[in-house]
Amino acid sequence: RKCFYLSKAEEEAKLKAGLPFTIRFKLSPFEEAFNDLIHGPVHHNVFELEGDPIIVKSDGFPTYHFANVVDDHLMQISHVLRGVEWQVSTPKHILMYRAFGWDPPEF
């Protein structure tokens, strides 16, 4: 949260100077559990592991995580099967669904 506490004037000065920036997804520091359809209960604290994740990169393009959630929602995906290596990202995706007020698919 390096820039989280900048004043409005500091933010405006950085933007006016043309400094590159990213957009982050603000998380609460709580563990998020979900039930993986294959592996059962899974617990990860995204905030503790990586802080507030970037969702829009400094080049203006969305990250995979942000684009994935929006795309799956627009395509009305109901079930997602993932390898174990993606379990750590699933809570982040579920939190994004909730932030949009959308029901996440089954994972």
# chains A, B, ... in the order shown; residues from 1 in each chain; ligands from 1
call {"tool": "select_by_dssp", "arguments": {"residues": "chain A", "states": "strand (DSSP E or B)", "output": "PyMOL selection string"}}
result
chain A and resi 23-24+32-36+40-44+54-56+62+79+106
call {"tool": "closest_residue", "arguments": {"among": "A:Val70, A:Leu19, A:Leu49, A:Val84", "to": "A:Glu31", "atoms": "only C-alpha atoms"}}
result
A:Leu49
call {"tool": "atom_distance", "arguments": {"atom1": "atom CA of A:Ile94", "atom2": "atom CA of A:Ile54"}}
result
15.3 Å
call {"tool": "select_by_dssp", "arguments": {"residues": "stretch 8-76 of chain A", "states": "alpha helix (DSSP H)", "output": "list of chain:residue names"}}
result
A:Lys8, A:Ala9, A:Glu10, A:Glu11, A:Glu12, A:Ala13, A:Lys14, A:Leu15, A:Lys16, A:Val46, A:Phe47, A:Glu48, A:Leu49, A:Glu50, A:Tyr64, A:His65, A:Phe66, A:Ala67, A:Asn68, A:Val69, A:Val70, A:Asp71, A:Asp72, A:His73, A:Leu74
call {"tool": "write_last_selection", "arguments": {"atoms": "C-alpha atoms", "output": "mmCIF file, in the first residue's frame"}}
result
data_model
loop_
_atom_site.group_PDB
_atom_site.id
_atom_site.type_symbol
_atom_site.label_atom_id
_atom_site.label_comp_id
_atom_site.auth_asym_id
_atom_site.auth_seq_id
_atom_site.Cartn_x
_atom_site.Cartn_y
_atom_site.Cartn_z
ATOM 1 C CA LYS A 8 -5.279 14.145 -3.101
ATOM 2 C CA ALA A 9 -2.701 16.855 -3.911
ATOM 3 C CA GLU A 10 0.130 14.270 -4.011
ATOM 4 C CA GLU A 11 -1.938 12.009 -6.275
ATOM 5 C CA GLU A 12 -2.710 14.866 -8.648
ATOM 6 C CA ALA A 13 0.954 15.941 -8.747
ATOM 7 C CA LYS A 14 2.066 12.420 -9.668
ATOM 8 C CA LEU A 15 -0.593 12.135 -12.369
ATOM 9 C CA LYS A 16 0.259 15.589 -13.736
ATOM 10 C CA VAL A 46 -4.341 -13.345 -0.392
ATOM 11 C CA PHE A 47 -3.652 -10.117 1.495
ATOM 12 C CA GLU A 48 -1.019 -11.765 3.695
ATOM 13 C CA LEU A 49 0.630 -13.523 0.745
ATOM 14 C CA GLU A 50 0.737 -10.664 -1.757
ATOM 15 C CA TYR A 64 -5.026 -11.930 -16.168
ATOM 16 C CA HIS A 65 -6.877 -12.164 -12.859
ATOM 17 C CA PHE A 66 -9.104 -9.149 -13.536
ATOM 18 C CA ALA A 67 -9.738 -10.051 -17.180
ATOM 19 C CA ASN A 68 -10.441 -13.671 -16.256
ATOM 20 C CA VAL A 69 -13.159 -12.750 -13.757
ATOM 21 C CA VAL A 70 -14.868 -10.288 -16.106
ATOM 22 C CA ASP A 71 -14.642 -12.650 -19.083
ATOM 23 C CA ASP A 72 -15.961 -15.675 -17.168
ATOM 24 C CA HIS A 73 -18.851 -13.595 -15.820
ATOM 25 C CA LEU A 74 -19.779 -12.238 -19.253
#
call {"tool": "closest_residue", "arguments": {"among": "A:Met75, A:Leu95, A:Ala17, A:Ile23", "to": "A:Gly60", "atoms": "only C-alpha atoms"}}
result
A:Ile23
call {"tool": "residues_around", "arguments": {"residues": "A:Phe34", "least_positions_apart": "6", "cutoff": "10 Å", "atoms": "only C-alpha atoms", "output": "number ranges by chain"}}
result
A: 40-44, 87, 90-91, 94, 106-107
call {"tool": "closest_residue", "arguments": {"among": "A:Ile38, A:Arg1, A:Glu32, A:Phe25", "to": "A:Gly83", "atoms": "only C-alpha atoms"}}
result
A:Ile38
call {"tool": "closest_residue", "arguments": {"among": "A:Arg82, A:His93, A:Lys2, A:Arg24", "to": "A:Pro53", "atoms": "only C-alpha atoms"}}
result
A:Arg24
